[in-house]
Amino acid sequence: DFTEQMDKKLFENIFYEVFETLDPSCQKILKLYWMDISPKDIADQLGFTYGYVRKKKCEGQAELILKVKNHPEYKKIINRDIAIKNVVY
């Protein structure tokens with residue numbers, strides 16, 4: 001429905017806005033991970049060690065999740081959904 005489509009678009013906007021705030025190396029590493037490139041290949045491609053790639057991937061994902069959950073627009077959507085569920089159920 002319309003509300004779901006709007007929420008999806010808002011979630012995408014929040015995600016991209018937050019993603020752009022990550023460290024550039026985290027952005028590169030995450031983009032390559034999401035393209036199903038192995039950590040070893042990412043390390044080789046970017047000139048990092050395997051351990052650094054794994055560490056930055058974990059740190060980047062954790063930071064991304066935290067920033068999305070703390071984004072004011074995300075909180076509005078979640079709080080609205082909780083309020084609607086409480087009324088409906």
# chains A, B, ... in the order shown; residues from 1 in each chain; ligands from 1
>>> residues_around(residues="Ile42 in chain A", least_positions_apart="2", cutoff="10 Å", atoms="only C-alpha atoms", output="PyMOL selection string")
chain A and resi 28-33+36-40+44-50+53-54
>>> select_by_dssp(residues="range 22-67 of chain A", states="alpha helix (DSSP H)", output="MDAnalysis selection string")
chainID A and resid 24:34 39:46 50:67
>>> closest_residue(among="A:Glu63, A:His71, A:Asn79, A:Tyr52", to="Asn13 in chain A", atoms="only C-alpha atoms")
A:His71
>>> atom_distance(atom1="CA of Glu73 in chain A", atom2="CA of Ile14 in chain A")
7.5 Å
>>> residues_around(residues="Lys56 in chain A", least_positions_apart="5", cutoff="10 Å", atoms="only C-alpha atoms", output="list in words")
Asp23, Ser25, Cys26, Gln27, Ile29, Leu30, Gly51, Gln61 and Ala62 of chain A
>>> write_last_selection(atoms="N, CA and C atoms", output="PDB file, in the first residue's frame")
ATOM      1  N   ASP A  23      33.185   6.225   7.478  1.00  0.00           N
ATOM      2  CA  ASP A  23      34.554   6.381   7.001  1.00  0.00           C
ATOM      3  C   ASP A  23      34.635   5.881   5.554  1.00  0.00           C
ATOM      4  N   SER A  25      36.850   4.286   3.904  1.00  0.00           N
ATOM      5  CA  SER A  25      37.315   2.901   3.754  1.00  0.00           C
ATOM      6  C   SER A  25      36.218   1.918   4.133  1.00  0.00           C
ATOM      7  N   CYS A  26      35.423   2.257   5.145  1.00  0.00           N
ATOM      8  CA  CYS A  26      34.278   1.399   5.514  1.00  0.00           C
ATOM      9  C   CYS A  26      33.280   1.341   4.361  1.00  0.00           C
ATOM     10  N   GLN A  27      33.009   2.488   3.748  1.00  0.00           N
ATOM     11  CA  GLN A  27      32.074   2.523   2.626  1.00  0.00           C
ATOM     12  C   GLN A  27      32.537   1.600   1.506  1.00  0.00           C
ATOM     13  N   ILE A  29      34.652  -0.948   1.645  1.00  0.00           N
ATOM     14  CA  ILE A  29      34.636  -2.341   2.074  1.00  0.00           C
ATOM     15  C   ILE A  29      33.217  -2.892   2.076  1.00  0.00           C
ATOM     16  N   LEU A  30      32.272  -2.150   2.633  1.00  0.00           N
ATOM     17  CA  LEU A  30      30.889  -2.622   2.684  1.00  0.00           C
ATOM     18  C   LEU A  30      30.300  -2.769   1.286  1.00  0.00           C
ATOM     19  N   GLY A  51      42.686  -9.076   7.929  1.00  0.00           N
ATOM     20  CA  GLY A  51      42.167  -8.743   9.261  1.00  0.00           C
ATOM     21  C   GLY A  51      41.568  -7.351   9.325  1.00  0.00           C
ATOM     22  N   GLN A  61      29.386  -1.987   9.777  1.00  0.00           N
ATOM     23  CA  GLN A  61      28.006  -2.468   9.893  1.00  0.00           C
ATOM     24  C   GLN A  61      27.395  -2.058  11.229  1.00  0.00           C
ATOM     25  N   ALA A  62      28.172  -2.197  12.311  1.00  0.00           N
ATOM     26  CA  ALA A  62      27.670  -1.823  13.632  1.00  0.00           C
ATOM     27  C   ALA A  62      27.352  -0.326  13.687  1.00  0.00           C
TER      28      ALA A  62
END
